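A.B. asks: Here it is, the structure, as structure tokens.
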Amino acid sequence: MAPAGIAGLFDRVADTYDAVGVDWFGPIAAGLVEELSPAPGERALDVGCGKGAALLPLARSVGATGAVTGVDLAPRMVQAAREASRAAGLGHVAVLVGDAVDLPVPEASFDVVASSLVLFFMPEPAAALAGWVRALRPGGRIGIATFADTDPVWQQVDRLFEPYLPQRMLDARTSGRSGPFAEDASMERLLGEAGCTDVRTARRTVVAEMRDAEHWHAFSWSHGQRAMWECVPDEERAAVRASATELLGAAARPDGGIGLRQEVRYTLGTRPS
């Protein structure tokens, strides 16, 4: 997806993003920050910061003696992250509108670079990643969160959209679940080719808990999956929704709740000194 398309998409979801009662982006970002272990006094960069899922825990970890910069392409997400930082009393946070492919920050100026669920939106992931590594000081650490194994039910639901999606959205860079994003080893190669050493992978499982299929529907419109819905013609959305409701209903617990499992991959490395 082109940068203008990404910015527009996330501006459209800004009101509902991470605000429909599904604990999702926070746990994924928290795991990334824990793996990076930011220390008090360090400078950290969050690429594609959204509303601040990783930005705020980074800021709390580095403390008032450190500094955190967030960059996001969508102006409304940037405004939300600024407001969240102010509300949390984190005065050492700056949030900028900027393109992750051409970061508006000096090179070699950060101890930590984090990016959660962003790299697979990049038209050229390897080139983007090389730029993120250049933002690190020698000896600095980088961590990237992407998707690994997905609940089979979730896969079945996502496949309902495939007949409507253009090739650019079927491509591995957008799906985040195939091509270079399909395996730990291929993600580690990307980071190594970007100039990192001591590359490693960590994994955690996150479960998206929803009250029922209607809750899933609201959640699916509240983040990047909205782009998939927007590819479905208006007159066919009801049928897709009904098929998804049937699949999710078959997986529901006796109380009607639905828990969809997602394994998250954290690929981590160091810029050589």
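Lettering and numbering for the structure tokens are positional, with chains as A, B, ... in the shown order, residues counted from 1 in each chain, and ligands counted from 1 in the shown order.
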If we count only C-alpha atoms, what is near region 196-205 of chain A at a cut-off of 8 Å, once residues fewer than 2 positions away on the same chain are taken out, given as a PyMOL selection string?
C.D. replies: chain A and resi 31+35+133+184+188+191-194+207+261-272
A.B. asks: Taking C-alpha atoms for each residue, export the selection above as a PDB file, in the first residue's frame.
C.D. replies:
```pdb
ATOM      1  CA  GLY A  31       6.220  -7.808  24.863  1.00  0.00           C
ATOM      2  CA  GLU A  35      12.480  -7.893  24.982  1.00  0.00           C
ATOM      3  CA  VAL A 133      19.065   0.491  11.790  1.00  0.00           C
ATOM      4  CA  ASP A 184      11.880 -16.722  12.069  1.00  0.00           C
ATOM      5  CA  GLU A 188      16.449 -12.787  11.045  1.00  0.00           C
ATOM      6  CA  LEU A 191      17.687  -7.841  10.106  1.00  0.00           C
ATOM      7  CA  GLY A 192      21.156  -9.252   9.440  1.00  0.00           C
ATOM      8  CA  GLU A 193      21.201  -7.876   5.900  1.00  0.00           C
ATOM      9  CA  ALA A 194      20.185  -4.486   7.321  1.00  0.00           C
ATOM     10  CA  VAL A 207      -5.228 -13.997  22.611  1.00  0.00           C
ATOM     11  CA  ARG A 261      -4.871 -16.954  19.352  1.00  0.00           C
ATOM     12  CA  GLN A 262      -2.041 -15.131  17.636  1.00  0.00           C
ATOM     13  CA  GLU A 263       1.615 -15.983  18.050  1.00  0.00           C
ATOM     14  CA  VAL A 264       3.761 -12.871  17.823  1.00  0.00           C
ATOM     15  CA  ARG A 265       7.346 -12.898  16.599  1.00  0.00           C
ATOM     16  CA  TYR A 266       9.914 -10.444  17.958  1.00  0.00           C
ATOM     17  CA  THR A 267      13.030 -10.182  15.818  1.00  0.00           C
ATOM     18  CA  LEU A 268      15.842  -8.407  17.672  1.00  0.00           C
ATOM     19  CA  GLY A 269      19.377  -7.316  16.855  1.00  0.00           C
ATOM     20  CA  THR A 270      22.197  -4.905  17.595  1.00  0.00           C
ATOM     21  CA  ARG A 271      23.965  -2.333  15.447  1.00  0.00           C
ATOM     22  CA  PRO A 272      27.667  -3.197  15.645  1.00  0.00           C
TER      23      PRO A 272
END
```
A.B. asks: For the structure I just gave you, how does DSSP split region 40-182 of chain A - specifically, which residues are helix (DSSP H, G or I)? Reply as a PDB file with N, CA and C atoms, in the first residue's frame.
C.D. replies:
```pdb
ATOM      1  N   LEU A  55       5.053   3.262  22.527  1.00  0.00           N
ATOM      2  CA  LEU A  55       5.626   4.564  22.877  1.00  0.00           C
ATOM      3  C   LEU A  55       5.563   4.827  24.382  1.00  0.00           C
ATOM      4  N   LEU A  56       4.408   4.587  24.987  1.00  0.00           N
ATOM      5  CA  LEU A  56       4.245   4.904  26.408  1.00  0.00           C
ATOM      6  C   LEU A  56       5.080   3.989  27.309  1.00  0.00           C
ATOM      7  N   PRO A  57       5.077   2.662  27.098  1.00  0.00           N
ATOM      8  CA  PRO A  57       5.966   1.837  27.927  1.00  0.00           C
ATOM      9  C   PRO A  57       7.448   2.122  27.692  1.00  0.00           C
ATOM     10  N   LEU A  58       7.823   2.490  26.478  1.00  0.00           N
ATOM     11  CA  LEU A  58       9.210   2.911  26.242  1.00  0.00           C
ATOM     12  C   LEU A  58       9.538   4.136  27.092  1.00  0.00           C
ATOM     13  N   ALA A  59       8.624   5.110  27.098  1.00  0.00           N
ATOM     14  CA  ALA A  59       8.863   6.336  27.858  1.00  0.00           C
ATOM     15  C   ALA A  59       8.953   6.067  29.352  1.00  0.00           C
ATOM     16  N   ARG A  60       8.107   5.178  29.840  1.00  0.00           N
ATOM     17  CA  ARG A  60       8.171   4.851  31.275  1.00  0.00           C
ATOM     18  C   ARG A  60       9.482   4.140  31.604  1.00  0.00           C
ATOM     19  N   SER A  61       9.968   3.330  30.682  1.00  0.00           N
ATOM     20  CA  SER A  61      11.197   2.573  30.951  1.00  0.00           C
ATOM     21  C   SER A  61      12.431   3.470  30.966  1.00  0.00           C
ATOM     22  N   VAL A  62      12.512   4.423  30.031  1.00  0.00           N
ATOM     23  CA  VAL A  62      13.714   5.270  29.978  1.00  0.00           C
ATOM     24  C   VAL A  62      13.648   6.397  31.004  1.00  0.00           C
ATOM     25  N   PRO A  75      -1.632  11.685  10.559  1.00  0.00           N
ATOM     26  CA  PRO A  75      -1.689  12.823  11.487  1.00  0.00           C
ATOM     27  C   PRO A  75      -2.629  12.624  12.668  1.00  0.00           C
ATOM     28  N   ARG A  76      -3.763  11.965  12.449  1.00  0.00           N
ATOM     29  CA  ARG A  76      -4.697  11.794  13.563  1.00  0.00           C
ATOM     30  C   ARG A  76      -4.151  10.805  14.604  1.00  0.00           C
ATOM     31  N   MET A  77      -3.386   9.823  14.172  1.00  0.00           N
ATOM     32  CA  MET A  77      -2.753   8.904  15.121  1.00  0.00           C
ATOM     33  C   MET A  77      -1.672   9.637  15.907  1.00  0.00           C
ATOM     34  N   VAL A  78      -0.926  10.509  15.230  1.00  0.00           N
ATOM     35  CA  VAL A  78       0.103  11.301  15.908  1.00  0.00           C
ATOM     36  C   VAL A  78      -0.533  12.182  16.980  1.00  0.00           C
ATOM     37  N   GLN A  79      -1.645  12.823  16.645  1.00  0.00           N
ATOM     38  CA  GLN A  79      -2.320  13.670  17.626  1.00  0.00           C
ATOM     39  C   GLN A  79      -2.788  12.851  18.823  1.00  0.00           C
ATOM     40  N   ALA A  80      -3.324  11.657  18.565  1.00  0.00           N
ATOM     41  CA  ALA A  80      -3.773  10.794  19.660  1.00  0.00           C
ATOM     42  C   ALA A  80      -2.608  10.373  20.548  1.00  0.00           C
ATOM     43  N   ALA A  81      -1.457  10.063  19.945  1.00  0.00           N
ATOM     44  CA  ALA A  81      -0.281   9.676  20.728  1.00  0.00           C
ATOM     45  C   ALA A  81       0.227  10.845  21.563  1.00  0.00           C
ATOM     46  N   ARG A  82       0.195  12.036  20.996  1.00  0.00           N
ATOM     47  CA  ARG A  82       0.604  13.210  21.773  1.00  0.00           C
ATOM     48  C   ARG A  82      -0.310  13.412  22.971  1.00  0.00           C
ATOM     49  N   GLU A  83      -1.611  13.279  22.752  1.00  0.00           N
ATOM     50  CA  GLU A  83      -2.563  13.461  23.841  1.00  0.00           C
ATOM     51  C   GLU A  83      -2.385  12.393  24.920  1.00  0.00           C
ATOM     52  N   ALA A  84      -2.129  11.150  24.495  1.00  0.00           N
ATOM     53  CA  ALA A  84      -1.916  10.074  25.462  1.00  0.00           C
ATOM     54  C   ALA A  84      -0.655  10.318  26.285  1.00  0.00           C
ATOM     55  N   SER A  85       0.388  10.818  25.642  1.00  0.00           N
ATOM     56  CA  SER A  85       1.637  11.113  26.353  1.00  0.00           C
ATOM     57  C   SER A  85       1.429  12.217  27.377  1.00  0.00           C
ATOM     58  N   ARG A  86       0.726  13.258  26.974  1.00  0.00           N
ATOM     59  CA  ARG A  86       0.454  14.358  27.909  1.00  0.00           C
ATOM     60  C   ARG A  86      -0.401  13.882  29.076  1.00  0.00           C
ATOM     61  N   ALA A  87      -1.425  13.093  28.776  1.00  0.00           N
ATOM     62  CA  ALA A  87      -2.308  12.600  29.837  1.00  0.00           C
ATOM     63  C   ALA A  87      -1.558  11.731  30.836  1.00  0.00           C
ATOM     64  N   LEU A 119       6.334  -3.261   9.826  1.00  0.00           N
ATOM     65  CA  LEU A 119       7.246  -3.541   8.720  1.00  0.00           C
ATOM     66  C   LEU A 119       6.540  -4.132   7.509  1.00  0.00           C
ATOM     67  N   PHE A 120       5.503  -4.956   7.718  1.00  0.00           N
ATOM     68  CA  PHE A 120       4.853  -5.594   6.574  1.00  0.00           C
ATOM     69  C   PHE A 120       3.971  -4.632   5.774  1.00  0.00           C
ATOM     70  N   PHE A 121       3.822  -3.384   6.230  1.00  0.00           N
ATOM     71  CA  PHE A 121       3.150  -2.371   5.420  1.00  0.00           C
ATOM     72  C   PHE A 121       4.122  -1.667   4.462  1.00  0.00           C
ATOM     73  N   PRO A 125      10.446  -3.679   2.452  1.00  0.00           N
ATOM     74  CA  PRO A 125      10.788  -3.880   3.872  1.00  0.00           C
ATOM     75  C   PRO A 125      12.286  -3.806   4.158  1.00  0.00           C
ATOM     76  N   ALA A 126      13.107  -4.378   3.289  1.00  0.00           N
ATOM     77  CA  ALA A 126      14.549  -4.396   3.551  1.00  0.00           C
ATOM     78  C   ALA A 126      15.117  -2.987   3.571  1.00  0.00           C
ATOM     79  N   ALA A 127      14.686  -2.151   2.621  1.00  0.00           N
ATOM     80  CA  ALA A 127      15.182  -0.776   2.568  1.00  0.00           C
ATOM     81  C   ALA A 127      14.716   0.017   3.780  1.00  0.00           C
ATOM     82  N   ALA A 128      13.464  -0.164   4.170  1.00  0.00           N
ATOM     83  CA  ALA A 128      12.956   0.540   5.351  1.00  0.00           C
ATOM     84  C   ALA A 128      13.735   0.130   6.588  1.00  0.00           C
ATOM     85  N   LEU A 129      13.959  -1.175   6.729  1.00  0.00           N
ATOM     86  CA  LEU A 129      14.654  -1.685   7.898  1.00  0.00           C
ATOM     87  C   LEU A 129      16.081  -1.154   7.971  1.00  0.00           C
ATOM     88  N   ALA A 130      16.747  -1.050   6.851  1.00  0.00           N
ATOM     89  CA  ALA A 130      18.109  -0.506   6.834  1.00  0.00           C
ATOM     90  C   ALA A 130      18.122   0.923   7.361  1.00  0.00           C
ATOM     91  N   GLY A 131      17.097   1.710   7.017  1.00  0.00           N
ATOM     92  CA  GLY A 131      17.005   3.069   7.533  1.00  0.00           C
ATOM     93  C   GLY A 131      16.776   3.107   9.026  1.00  0.00           C
ATOM     94  N   TRP A 132      15.986   2.169   9.528  1.00  0.00           N
ATOM     95  CA  TRP A 132      15.743   2.121  10.973  1.00  0.00           C
ATOM     96  C   TRP A 132      17.026   1.772  11.723  1.00  0.00           C
ATOM     97  N   VAL A 133      17.804   0.857  11.146  1.00  0.00           N
ATOM     98  CA  VAL A 133      19.065   0.491  11.790  1.00  0.00           C
ATOM     99  C   VAL A 133      20.034   1.674  11.789  1.00  0.00           C
ATOM    100  N   ARG A 134      20.023   2.457  10.706  1.00  0.00           N
ATOM    101  CA  ARG A 134      20.903   3.630  10.661  1.00  0.00           C
ATOM    102  C   ARG A 134      20.556   4.662  11.732  1.00  0.00           C
ATOM    103  N   PRO A 152      -6.331 -21.098  13.570  1.00  0.00           N
ATOM    104  CA  PRO A 152      -6.938 -21.580  12.317  1.00  0.00           C
ATOM    105  C   PRO A 152      -8.287 -20.920  12.003  1.00  0.00           C
ATOM    106  N   VAL A 153      -9.067 -20.630  13.032  1.00  0.00           N
ATOM    107  CA  VAL A 153     -10.359 -19.979  12.787  1.00  0.00           C
ATOM    108  C   VAL A 153     -10.149 -18.583  12.218  1.00  0.00           C
ATOM    109  N   TRP A 154      -9.184 -17.878  12.759  1.00  0.00           N
ATOM    110  CA  TRP A 154      -8.888 -16.540  12.258  1.00  0.00           C
ATOM    111  C   TRP A 154      -8.436 -16.611  10.797  1.00  0.00           C
ATOM    112  N   GLN A 155      -7.642 -17.625  10.473  1.00  0.00           N
ATOM    113  CA  GLN A 155      -7.213 -17.800   9.083  1.00  0.00           C
ATOM    114  C   GLN A 155      -8.409 -18.020   8.165  1.00  0.00           C
ATOM    115  N   GLN A 156      -9.362 -18.838   8.617  1.00  0.00           N
ATOM    116  CA  GLN A 156     -10.549 -19.110   7.809  1.00  0.00           C
ATOM    117  C   GLN A 156     -11.359 -17.838   7.583  1.00  0.00           C
ATOM    118  N   VAL A 157     -11.494 -17.029   8.613  1.00  0.00           N
ATOM    119  CA  VAL A 157     -12.237 -15.775   8.488  1.00  0.00           C
ATOM    120  C   VAL A 157     -11.523 -14.841   7.513  1.00  0.00           C
ATOM    121  N   ASP A 158     -10.215 -14.713   7.650  1.00  0.00           N
ATOM    122  CA  ASP A 158      -9.471 -13.827   6.753  1.00  0.00           C
ATOM    123  C   ASP A 158      -9.561 -14.273   5.300  1.00  0.00           C
ATOM    124  N   ARG A 159      -9.650 -15.574   5.079  1.00  0.00           N
ATOM    125  CA  ARG A 159      -9.724 -16.070   3.698  1.00  0.00           C
ATOM    126  C   ARG A 159     -11.030 -15.654   3.009  1.00  0.00           C
ATOM    127  N   GLU A 162     -10.297 -12.822   0.622  1.00  0.00           N
ATOM    128  CA  GLU A 162      -9.308 -12.951  -0.437  1.00  0.00           C
ATOM    129  C   GLU A 162      -9.857 -12.738  -1.845  1.00  0.00           C
ATOM    130  N   PRO A 163     -11.074 -13.192  -2.169  1.00  0.00           N
ATOM    131  CA  PRO A 163     -11.558 -12.974  -3.542  1.00  0.00           C
ATOM    132  C   PRO A 163     -11.705 -11.502  -3.919  1.00  0.00           C
ATOM    133  N   TYR A 164     -11.728 -10.628  -2.934  1.00  0.00           N
ATOM    134  CA  TYR A 164     -11.966  -9.212  -3.195  1.00  0.00           C
ATOM    135  C   TYR A 164     -10.681  -8.372  -3.171  1.00  0.00           C
ATOM    136  N   GLN A 167      -3.924  -7.645  -5.776  1.00  0.00           N
ATOM    137  CA  GLN A 167      -2.683  -8.378  -5.571  1.00  0.00           C
ATOM    138  C   GLN A 167      -1.783  -7.713  -4.538  1.00  0.00           C
ATOM    139  N   ARG A 168      -1.776  -6.378  -4.522  1.00  0.00           N
ATOM    140  CA  ARG A 168      -0.896  -5.682  -3.581  1.00  0.00           C
ATOM    141  C   ARG A 168      -1.246  -6.025  -2.132  1.00  0.00           C
ATOM    142  N   MET A 169      -2.524  -6.354  -1.860  1.00  0.00           N
ATOM    143  CA  MET A 169      -2.912  -6.710  -0.501  1.00  0.00           C
ATOM    144  C   MET A 169      -2.770  -8.202  -0.231  1.00  0.00           C
ATOM    145  N   LEU A 170      -2.743  -8.986  -1.287  1.00  0.00           N
ATOM    146  CA  LEU A 170      -2.481 -10.414  -1.121  1.00  0.00           C
ATOM    147  C   LEU A 170      -0.995 -10.686  -0.945  1.00  0.00           C
ATOM    148  N   ALA A 172       2.788 -10.764   0.374  1.00  0.00           N
ATOM    149  CA  ALA A 172       3.271 -11.091   1.724  1.00  0.00           C
ATOM    150  C   ALA A 172       3.574  -9.854   2.546  1.00  0.00           C
ATOM    151  N   ARG A 173       3.978  -8.771   1.902  1.00  0.00           N
ATOM    152  CA  ARG A 173       4.349  -7.581   2.661  1.00  0.00           C
ATOM    153  C   ARG A 173       3.145  -7.010   3.402  1.00  0.00           C
ATOM    154  N   THR A 174       1.947  -7.210   2.831  1.00  0.00           N
ATOM    155  CA  THR A 174       0.746  -6.694   3.468  1.00  0.00           C
ATOM    156  C   THR A 174       0.139  -7.705   4.416  1.00  0.00           C
ATOM    157  N   SER A 175       0.146  -8.975   4.017  1.00  0.00           N
ATOM    158  CA  SER A 175      -0.482  -9.983   4.879  1.00  0.00           C
ATOM    159  C   SER A 175       0.323 -10.190   6.154  1.00  0.00           C
ATOM    160  N   GLY A 179       5.960 -15.178   2.792  1.00  0.00           N
ATOM    161  CA  GLY A 179       7.169 -14.557   2.273  1.00  0.00           C
ATOM    162  C   GLY A 179       8.195 -14.347   3.373  1.00  0.00           C
ATOM    163  N   PRO A 180       8.840 -13.185   3.418  1.00  0.00           N
ATOM    164  CA  PRO A 180       9.875 -12.962   4.432  1.00  0.00           C
ATOM    165  C   PRO A 180       9.331 -12.912   5.847  1.00  0.00           C
ATOM    166  N   PHE A 181       8.014 -12.779   5.993  1.00  0.00           N
ATOM    167  CA  PHE A 181       7.413 -12.703   7.320  1.00  0.00           C
ATOM    168  C   PHE A 181       6.895 -14.050   7.811  1.00  0.00           C
TER     169      PHE A 181
END
```
A.B. asks: Ranking A:Met187, A:Ile6, A:Val232, A:Ala29 by minimum distance to Met122 (chain A) and counting only C-alpha atoms, which one comes first?
C.D. replies: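 Answer, going by the shortest atom-to-atom distance: A:Ile6.
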A.B. asks: Which polymer residues have any atom within 7 Å of an atom of Trp24 (chain A), counting only C-alpha atoms, with same-chain residues fewer than 3 positions away left out, as a PDB file with N, CA and C atoms, in the first residue's frame?
C.D. replies:
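As a result, around-v4.pdb now contains:
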```
ATOM      1  N   PRO A  27      -0.695  -5.558  24.588  1.00  0.00           N
ATOM      2  CA  PRO A  27       0.118  -6.716  24.952  1.00  0.00           C
ATOM      3  C   PRO A  27       1.222  -7.032  23.943  1.00  0.00           C
ATOM      4  N   ILE A  28       0.929  -6.859  22.656  1.00  0.00           N
ATOM      5  CA  ILE A  28       1.953  -7.126  21.639  1.00  0.00           C
ATOM      6  C   ILE A  28       3.115  -6.153  21.796  1.00  0.00           C
ATOM      7  N   ALA A 208      -6.801 -12.622  21.407  1.00  0.00           N
ATOM      8  CA  ALA A 208      -7.798 -11.561  21.246  1.00  0.00           C
ATOM      9  C   ALA A 208      -9.120 -12.083  21.764  1.00  0.00           C
TER      10      ALA A 208
END
```
A.B. asks: Residues within 9 Å of region 245-248 of chain A, please, as a PDB file with N, CA, C and O atoms, in the first residue's frame. Count only C-alpha atoms; anything in the same chain fewer than 2 positions from it doesn't count.
C.D. replies:
```pdb
ATOM      1  N   VAL A 153      -9.067 -20.630  13.032  1.00  0.00           N
ATOM      2  CA  VAL A 153     -10.359 -19.979  12.787  1.00  0.00           C
ATOM      3  C   VAL A 153     -10.149 -18.583  12.218  1.00  0.00           C
ATOM      4  O   VAL A 153     -10.844 -18.158  11.289  1.00  0.00           O
ATOM      5  N   TRP A 154      -9.184 -17.878  12.759  1.00  0.00           N
ATOM      6  CA  TRP A 154      -8.888 -16.540  12.258  1.00  0.00           C
ATOM      7  C   TRP A 154      -8.436 -16.611  10.797  1.00  0.00           C
ATOM      8  O   TRP A 154      -8.818 -15.778   9.979  1.00  0.00           O
ATOM      9  N   GLN A 156      -9.362 -18.838   8.617  1.00  0.00           N
ATOM     10  CA  GLN A 156     -10.549 -19.110   7.809  1.00  0.00           C
ATOM     11  C   GLN A 156     -11.359 -17.838   7.583  1.00  0.00           C
ATOM     12  O   GLN A 156     -11.851 -17.581   6.478  1.00  0.00           O
ATOM     13  N   VAL A 157     -11.494 -17.029   8.613  1.00  0.00           N
ATOM     14  CA  VAL A 157     -12.237 -15.775   8.488  1.00  0.00           C
ATOM     15  C   VAL A 157     -11.523 -14.841   7.513  1.00  0.00           C
ATOM     16  O   VAL A 157     -12.149 -14.245   6.630  1.00  0.00           O
ATOM     17  N   ASP A 212     -18.374 -11.787  21.257  1.00  0.00           N
ATOM     18  CA  ASP A 212     -19.131 -12.566  20.275  1.00  0.00           C
ATOM     19  C   ASP A 212     -18.698 -12.123  18.882  1.00  0.00           C
ATOM     20  O   ASP A 212     -17.773 -11.309  18.736  1.00  0.00           O
ATOM     21  N   ALA A 213     -19.393 -12.636  17.867  1.00  0.00           N
ATOM     22  CA  ALA A 213     -19.026 -12.298  16.494  1.00  0.00           C
ATOM     23  C   ALA A 213     -19.260 -10.821  16.186  1.00  0.00           C
ATOM     24  O   ALA A 213     -18.545 -10.231  15.366  1.00  0.00           O
ATOM     25  N   GLU A 214     -20.246 -10.211  16.826  1.00  0.00           N
ATOM     26  CA  GLU A 214     -20.478  -8.780  16.610  1.00  0.00           C
ATOM     27  C   GLU A 214     -19.293  -7.966  17.112  1.00  0.00           C
ATOM     28  O   GLU A 214     -18.918  -6.953  16.508  1.00  0.00           O
ATOM     29  N   TRP A 216     -16.214  -9.060  17.199  1.00  0.00           N
ATOM     30  CA  TRP A 216     -15.171  -9.239  16.177  1.00  0.00           C
ATOM     31  C   TRP A 216     -15.388  -8.261  15.034  1.00  0.00           C
ATOM     32  O   TRP A 216     -14.433  -7.652  14.524  1.00  0.00           O
ATOM     33  N   HIS A 217     -16.627  -8.100  14.596  1.00  0.00           N
ATOM     34  CA  HIS A 217     -16.913  -7.214  13.471  1.00  0.00           C
ATOM     35  C   HIS A 217     -16.465  -5.787  13.773  1.00  0.00           C
ATOM     36  O   HIS A 217     -15.802  -5.135  12.951  1.00  0.00           O
ATOM     37  N   VAL A 240     -20.346 -11.567   3.492  1.00  0.00           N
ATOM     38  CA  VAL A 240     -19.053 -11.856   4.115  1.00  0.00           C
ATOM     39  C   VAL A 240     -19.196 -11.856   5.629  1.00  0.00           C
ATOM     40  O   VAL A 240     -18.676 -12.746   6.324  1.00  0.00           O
ATOM     41  N   ARG A 241     -19.914 -10.877   6.148  1.00  0.00           N
ATOM     42  CA  ARG A 241     -20.120 -10.813   7.597  1.00  0.00           C
ATOM     43  C   ARG A 241     -20.872 -12.033   8.103  1.00  0.00           C
ATOM     44  O   ARG A 241     -20.525 -12.592   9.153  1.00  0.00           O
ATOM     45  N   ALA A 242     -21.887 -12.486   7.368  1.00  0.00           N
ATOM     46  CA  ALA A 242     -22.654 -13.666   7.790  1.00  0.00           C
ATOM     47  C   ALA A 242     -21.774 -14.914   7.800  1.00  0.00           C
ATOM     48  O   ALA A 242     -21.854 -15.749   8.727  1.00  0.00           O
ATOM     49  N   SER A 243     -20.921 -15.061   6.786  1.00  0.00           N
ATOM     50  CA  SER A 243     -20.020 -16.226   6.744  1.00  0.00           C
ATOM     51  C   SER A 243     -19.026 -16.181   7.898  1.00  0.00           C
ATOM     52  O   SER A 243     -18.732 -17.209   8.515  1.00  0.00           O
ATOM     53  N   ALA A 250     -19.083 -21.099  15.463  1.00  0.00           N
ATOM     54  CA  ALA A 250     -18.707 -22.502  15.663  1.00  0.00           C
ATOM     55  C   ALA A 250     -17.542 -22.643  16.633  1.00  0.00           C
ATOM     56  O   ALA A 250     -17.355 -23.703  17.245  1.00  0.00           O
ATOM     57  N   ALA A 251     -16.746 -21.564  16.778  1.00  0.00           N
ATOM     58  CA  ALA A 251     -15.580 -21.594  17.668  1.00  0.00           C
ATOM     59  C   ALA A 251     -15.865 -20.963  19.029  1.00  0.00           C
ATOM     60  O   ALA A 251     -14.978 -20.913  19.882  1.00  0.00           O
ATOM     61  N   ALA A 252     -17.089 -20.491  19.235  1.00  0.00           N
ATOM     62  CA  ALA A 252     -17.413 -19.782  20.474  1.00  0.00           C
ATOM     63  C   ALA A 252     -17.488 -20.731  21.667  1.00  0.00           C
ATOM     64  O   ALA A 252     -17.828 -21.914  21.532  1.00  0.00           O
ATOM     65  N   ILE A 258     -15.337 -15.528  22.347  1.00  0.00           N
ATOM     66  CA  ILE A 258     -14.449 -16.083  21.334  1.00  0.00           C
ATOM     67  C   ILE A 258     -13.031 -15.620  21.637  1.00  0.00           C
ATOM     68  O   ILE A 258     -12.783 -14.422  21.798  1.00  0.00           O
TER      69      ILE A 258
END
```
A.B. asks: Per DSSP on the backbone, filter region 60-106 of chain A down to the residues in strand (DSSP E or B) and report them as number ranges by chain.
C.D. replies: A: 67-72, 93-97, 99, 102
A.B. asks: Counting only C-alpha atoms, which of A:Arg211, A:Ala135, A:Val112, A:Ala218 gets nearest to Glu34 (chain A)?
C.D. replies: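 Comparing A:Arg211, A:Ala135, A:Val112, A:Ala218 against Glu34 (chain A), the winner is A:Val112.
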A.B. asks: Nearest residue to Ala239 (chain A) out of A:Leu96, A:Ala7, A:Phe161, A:Leu45, using only C-alpha atoms?
C.D. replies: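 The answer is A:Phe161, which sits nearest to Ala239 (chain A).
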A.B. asks: Would you mind telling me which residue in A:Ala94, A:Ala44, A:Leu9, A:Leu103 lies nearest to Arg137 (chain A) when using only C-alpha atoms?
C.D. replies: A:Ala44
A.B. asks: Just give me the gap between CA of Ser116 (chain A) and CA of Gly50 (chain A) in Å, one decimal is fine.
C.D. replies: 9.3 Å
A.B. asks: CA of Ala227 (chain A) and CA of Asp99 (chain A) are how many Å apart?
C.D. replies: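 These two atoms are separated by 19.2 Å.
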A.B. asks: If you count only C-alpha atoms, which residues fall within 7 Å of Leu36 (chain A), apart from same-chain ones fewer than 2 positions away, as a PyMOL selection string?
C.D. replies: chain A and resi 32-34+38+141+143
A.B. asks: Selection from above, N, CA, C and O atoms, as a CSV table (one decimal), in the first residue's frame, can you write it?
C.D. replies:
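Once written, part-v5.csv looks like this:
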```
chain,number,residue,atom,x,y,z
A,32,LEU,N,7.3,-6.5,23.1
A,32,LEU,CA,8.4,-6.0,22.4
A,32,LEU,C,9.3,-5.1,23.3
A,32,LEU,O,10.5,-5.3,23.3
A,33,VAL,N,8.7,-4.3,24.0
A,33,VAL,CA,9.5,-3.4,24.9
A,33,VAL,C,10.2,-4.2,26.0
A,33,VAL,O,11.4,-3.9,26.3
A,34,GLU,N,9.6,-5.2,26.5
A,34,GLU,CA,10.3,-6.1,27.5
A,34,GLU,C,11.5,-6.8,26.9
A,34,GLU,O,12.5,-6.9,27.5
A,38,PRO,N,14.6,-1.4,27.6
A,38,PRO,CA,15.2,0.0,27.6
A,38,PRO,C,15.6,0.3,29.1
A,38,PRO,O,14.9,-0.1,30.0
A,141,ARG,N,20.1,-1.2,20.1
A,141,ARG,CA,19.3,-2.4,19.8
A,141,ARG,C,18.0,-2.1,19.0
A,141,ARG,O,17.4,-1.0,19.2
A,143,GLY,N,14.2,-3.8,17.7
A,143,GLY,CA,13.2,-4.9,17.8
A,143,GLY,C,12.0,-4.7,16.9
A,143,GLY,O,11.5,-3.6,16.9
```
A.B. asks: Between A:Cys231, A:Ala54, A:Ala67, A:Ile142, which has the minimum distance to Gly41 (chain A) (counting only C-alpha atoms)?
C.D. replies: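 The shortest atom-to-atom distance to Gly41 (chain A) comes from A:Ala67.
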A.B. asks: Suppose you want the space between CA of Thr150 (chain A) and CA of Asp11 (chain A); what is it in Å?
C.D. replies: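 Those two atoms sit 26.6 Å apart.
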A.B. asks: Can you pull out the residues contacting Ala19 (chain A)? Cut-off 12 Å, using only C-alpha atoms, and skip same-chain residues under 6 positions away; I want them as a PyMOL selection string.
C.D. replies: chain A and resi 13+25-26+51+53+80+215+218-223
